[in-house]
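Okay, so here's the structure we're looking at.
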Amino acid sequence: IGVDRIVESYARDNAIPFVLFKPYNLLDSKAVHSTRYYFVRNKAMTDNSDWVIAFSDGVDAGTEDVINYARKRGKALTIIDKNQLNSVGG
């Protein structure tokens with residue numbers, strides 16, 4: 001389970017309003033899968049956020065793109081190192 005699902009579940013369980021952003025190919029069943037849709041979705045989420053929390057391993061291109069875009073847009077940003085979380089929990 002990914003961070004997106006965890007956050008969605010937490011918000012639903014605690015009656016916290018949220019907006020779910022999906023990549024275009026998951027909204028239109030006729031759309032051909034493209035990773036580009038995930039990058040577009042990530043930018044839309046960042047543009048509509050006051051504060052971005054990124055769980056980063058320093059490798060994932062999508063997460064690194066969000067981090068760089070959030071910095072460029074002047075968004076409040078918290079980066080959590082996924083590698084440290086794995087060593088604590090695993």
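We label chains A, B, ... in the order they appear in the structure tokens, count residues from 1 in each chain, and number ligands from 1 in the order shown.
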Residues flagged alpha helix (DSSP H) by DSSP in chain A, as a count of residues only: 47
When you look at A:Asn48 with a cut-off of 12 Å (counting only C-alpha atoms), what residues show up, excluding the ones that are within fewer than 2 positions of it in the same chain? I need them as a VMD selection string. chain A and resid 18 to 21 41 to 46 50 to 52 70 73 75
Residues from last step as file, N, CA, C and O atoms, as a PDB file, in the first residue's frame:
```
ATOM      1  N   PHE A  18     -10.725  15.943   1.860  1.00  0.00           N
ATOM      2  CA  PHE A  18      -9.555  15.807   0.998  1.00  0.00           C
ATOM      3  C   PHE A  18     -10.009  15.762  -0.456  1.00  0.00           C
ATOM      4  O   PHE A  18     -11.182  15.539  -0.753  1.00  0.00           O
ATOM      5  N   VAL A  19      -9.084  16.015  -1.347  1.00  0.00           N
ATOM      6  CA  VAL A  19      -9.329  15.923  -2.780  1.00  0.00           C
ATOM      7  C   VAL A  19      -8.396  14.855  -3.315  1.00  0.00           C
ATOM      8  O   VAL A  19      -7.196  14.873  -3.043  1.00  0.00           O
ATOM      9  N   LEU A  20      -8.950  13.919  -4.051  1.00  0.00           N
ATOM     10  CA  LEU A  20      -8.175  12.826  -4.618  1.00  0.00           C
ATOM     11  C   LEU A  20      -7.808  13.174  -6.053  1.00  0.00           C
ATOM     12  O   LEU A  20      -8.672  13.443  -6.871  1.00  0.00           O
ATOM     13  N   PHE A  21      -6.524  13.212  -6.349  1.00  0.00           N
ATOM     14  CA  PHE A  21      -6.036  13.475  -7.698  1.00  0.00           C
ATOM     15  C   PHE A  21      -5.604  12.146  -8.308  1.00  0.00           C
ATOM     16  O   PHE A  21      -4.786  11.433  -7.731  1.00  0.00           O
ATOM     17  N   ARG A  41      -0.250  14.860 -12.788  1.00  0.00           N
ATOM     18  CA  ARG A  41      -1.045  14.753 -11.559  1.00  0.00           C
ATOM     19  C   ARG A  41      -0.273  15.301 -10.367  1.00  0.00           C
ATOM     20  O   ARG A  41      -0.816  16.031  -9.537  1.00  0.00           O
ATOM     21  N   ASN A  42       0.998  14.963 -10.271  1.00  0.00           N
ATOM     22  CA  ASN A  42       1.821  15.434  -9.154  1.00  0.00           C
ATOM     23  C   ASN A  42       1.922  16.955  -9.131  1.00  0.00           C
ATOM     24  O   ASN A  42       1.877  17.578  -8.071  1.00  0.00           O
ATOM     25  N   LYS A  43       2.065  17.568 -10.295  1.00  0.00           N
ATOM     26  CA  LYS A  43       2.129  19.028 -10.361  1.00  0.00           C
ATOM     27  C   LYS A  43       0.787  19.642  -9.939  1.00  0.00           C
ATOM     28  O   LYS A  43       0.757  20.642  -9.226  1.00  0.00           O
ATOM     29  N   ALA A  44      -0.317  19.032 -10.356  1.00  0.00           N
ATOM     30  CA  ALA A  44      -1.639  19.531  -9.956  1.00  0.00           C
ATOM     31  C   ALA A  44      -1.814  19.433  -8.442  1.00  0.00           C
ATOM     32  O   ALA A  44      -2.332  20.359  -7.803  1.00  0.00           O
ATOM     33  N   MET A  45      -1.376  18.321  -7.851  1.00  0.00           N
ATOM     34  CA  MET A  45      -1.472  18.175  -6.389  1.00  0.00           C
ATOM     35  C   MET A  45      -0.637  19.242  -5.700  1.00  0.00           C
ATOM     36  O   MET A  45      -1.081  19.858  -4.723  1.00  0.00           O
ATOM     37  N   THR A  46       0.569  19.472  -6.197  1.00  0.00           N
ATOM     38  CA  THR A  46       1.460  20.470  -5.601  1.00  0.00           C
ATOM     39  C   THR A  46       0.870  21.864  -5.730  1.00  0.00           C
ATOM     40  O   THR A  46       0.859  22.638  -4.767  1.00  0.00           O
ATOM     41  N   ASP A  50      -0.992  23.653   0.200  1.00  0.00           N
ATOM     42  CA  ASP A  50      -0.301  24.673   0.980  1.00  0.00           C
ATOM     43  C   ASP A  50       1.015  24.116   1.522  1.00  0.00           C
ATOM     44  O   ASP A  50       1.959  24.858   1.749  1.00  0.00           O
ATOM     45  N   TRP A  51       1.039  22.799   1.724  1.00  0.00           N
ATOM     46  CA  TRP A  51       2.185  22.156   2.344  1.00  0.00           C
ATOM     47  C   TRP A  51       2.354  20.786   1.693  1.00  0.00           C
ATOM     48  O   TRP A  51       1.404  20.013   1.572  1.00  0.00           O
ATOM     49  N   VAL A  52       3.568  20.488   1.249  1.00  0.00           N
ATOM     50  CA  VAL A  52       3.868  19.218   0.595  1.00  0.00           C
ATOM     51  C   VAL A  52       4.716  18.369   1.538  1.00  0.00           C
ATOM     52  O   VAL A  52       5.731  18.840   2.062  1.00  0.00           O
ATOM     53  N   ALA A  70       7.910  21.672  -5.919  1.00  0.00           N
ATOM     54  CA  ALA A  70       7.430  22.361  -4.714  1.00  0.00           C
ATOM     55  C   ALA A  70       8.399  23.474  -4.312  1.00  0.00           C
ATOM     56  O   ALA A  70       7.965  24.579  -3.946  1.00  0.00           O
ATOM     57  N   ARG A  73       8.010  26.388  -6.685  1.00  0.00           N
ATOM     58  CA  ARG A  73       6.751  27.105  -6.469  1.00  0.00           C
ATOM     59  C   ARG A  73       6.692  27.772  -5.092  1.00  0.00           C
ATOM     60  O   ARG A  73       5.712  28.429  -4.763  1.00  0.00           O
ATOM     61  N   LYS A  75       6.507  26.315  -2.105  1.00  0.00           N
ATOM     62  CA  LYS A  75       5.584  25.627  -1.196  1.00  0.00           C
ATOM     63  C   LYS A  75       6.303  25.221   0.090  1.00  0.00           C
ATOM     64  O   LYS A  75       7.500  24.928   0.080  1.00  0.00           O
TER      65      LYS A  75
END
```
What's around stretch 31-40 of chain A at 12 Å? Count only C-alpha atoms, leave out sequence neighbours fewer than 2 positions away in its own chain, and write the answer as an NGL selection string. :A and (21-29 or 42-47 or 60-67 or 69)
Selection export as a compact mmCIF listing (two decimals), in the first residue's frame, atoms kept: N, CA, C and O atoms:
```
# COMPACT_ATOMS: atom_id res chain seq x y z
N PHE A 21 -6.52 13.21 -6.35
CA PHE A 21 -6.04 13.47 -7.70
C PHE A 21 -5.60 12.15 -8.31
O PHE A 21 -4.79 11.43 -7.73
N LYS A 22 -6.16 11.83 -9.47
CA LYS A 22 -5.78 10.60 -10.16
C LYS A 22 -5.14 10.96 -11.50
O LYS A 22 -5.54 11.93 -12.14
N PRO A 23 -4.17 10.15 -11.94
CA PRO A 23 -3.61 10.37 -13.27
C PRO A 23 -4.69 10.16 -14.33
O PRO A 23 -5.61 9.35 -14.15
N TYR A 24 -4.57 10.87 -15.43
CA TYR A 24 -5.59 10.85 -16.48
C TYR A 24 -5.92 9.43 -16.95
O TYR A 24 -7.08 9.11 -17.17
N ASN A 25 -4.91 8.58 -17.09
CA ASN A 25 -5.16 7.23 -17.60
C ASN A 25 -6.02 6.40 -16.63
O ASN A 25 -6.59 5.40 -17.03
N LEU A 26 -6.14 6.81 -15.38
CA LEU A 26 -7.03 6.12 -14.45
C LEU A 26 -8.43 6.72 -14.45
O LEU A 26 -9.36 6.14 -13.89
N LEU A 27 -8.59 7.87 -15.09
CA LEU A 27 -9.90 8.51 -15.21
C LEU A 27 -10.59 8.15 -16.52
O LEU A 27 -11.80 8.10 -16.58
N ASP A 28 -9.80 7.91 -17.55
CA ASP A 28 -10.33 7.58 -18.87
C ASP A 28 -9.81 6.21 -19.27
O ASP A 28 -8.64 6.05 -19.57
N SER A 29 -10.69 5.24 -19.28
CA SER A 29 -10.27 3.87 -19.56
C SER A 29 -9.74 3.69 -20.98
O SER A 29 -9.06 2.71 -21.27
N ASN A 42 1.00 14.96 -10.27
CA ASN A 42 1.82 15.43 -9.15
C ASN A 42 1.92 16.96 -9.13
O ASN A 42 1.88 17.58 -8.07
N LYS A 43 2.07 17.57 -10.30
CA LYS A 43 2.13 19.03 -10.36
C LYS A 43 0.79 19.64 -9.94
O LYS A 43 0.76 20.64 -9.23
N ALA A 44 -0.32 19.03 -10.36
CA ALA A 44 -1.64 19.53 -9.96
C ALA A 44 -1.81 19.43 -8.44
O ALA A 44 -2.33 20.36 -7.80
N MET A 45 -1.38 18.32 -7.85
CA MET A 45 -1.47 18.18 -6.39
C MET A 45 -0.64 19.24 -5.70
O MET A 45 -1.08 19.86 -4.72
N THR A 46 0.57 19.47 -6.20
CA THR A 46 1.46 20.47 -5.60
C THR A 46 0.87 21.86 -5.73
O THR A 46 0.86 22.64 -4.77
N ASP A 47 0.34 22.19 -6.91
CA ASP A 47 -0.24 23.51 -7.13
C ASP A 47 -1.43 23.77 -6.20
O ASP A 47 -1.69 24.91 -5.84
N ASP A 60 13.32 7.73 -6.50
CA ASP A 60 12.07 7.76 -7.26
C ASP A 60 11.93 9.08 -8.02
O ASP A 60 11.89 10.15 -7.43
N ALA A 61 11.85 8.98 -9.35
CA ALA A 61 11.81 10.17 -10.21
C ALA A 61 10.58 11.03 -9.93
O ALA A 61 10.68 12.26 -9.95
N GLY A 62 9.45 10.41 -9.69
CA GLY A 62 8.23 11.17 -9.44
C GLY A 62 8.31 11.98 -8.17
O GLY A 62 7.96 13.17 -8.15
N THR A 63 8.79 11.36 -7.11
CA THR A 63 8.92 12.08 -5.83
C THR A 63 9.94 13.19 -5.93
O THR A 63 9.72 14.30 -5.43
N GLU A 64 11.06 12.91 -6.57
CA GLU A 64 12.10 13.94 -6.73
C GLU A 64 11.58 15.11 -7.56
O GLU A 64 11.89 16.27 -7.28
N ASP A 65 10.75 14.82 -8.57
CA ASP A 65 10.13 15.87 -9.38
C ASP A 65 9.20 16.74 -8.53
O ASP A 65 9.20 17.96 -8.64
N VAL A 66 8.42 16.10 -7.66
CA VAL A 66 7.52 16.83 -6.76
C VAL A 66 8.33 17.74 -5.84
O VAL A 66 7.99 18.91 -5.64
N ILE A 67 9.39 17.21 -5.27
CA ILE A 67 10.24 18.00 -4.36
C ILE A 67 10.79 19.23 -5.08
O ILE A 67 10.70 20.36 -4.57
N TYR A 69 9.69 20.65 -7.84
CA TYR A 69 8.60 21.54 -8.26
C TYR A 69 8.06 22.32 -7.05
O TYR A 69 7.80 23.53 -7.17
```
Distance in Å - atom CA of A:Thr78 versus atom CA of A:Phe55: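 Answer for the atom CA of A:Thr78 to atom CA of A:Phe55 separation: 8.6 Å.
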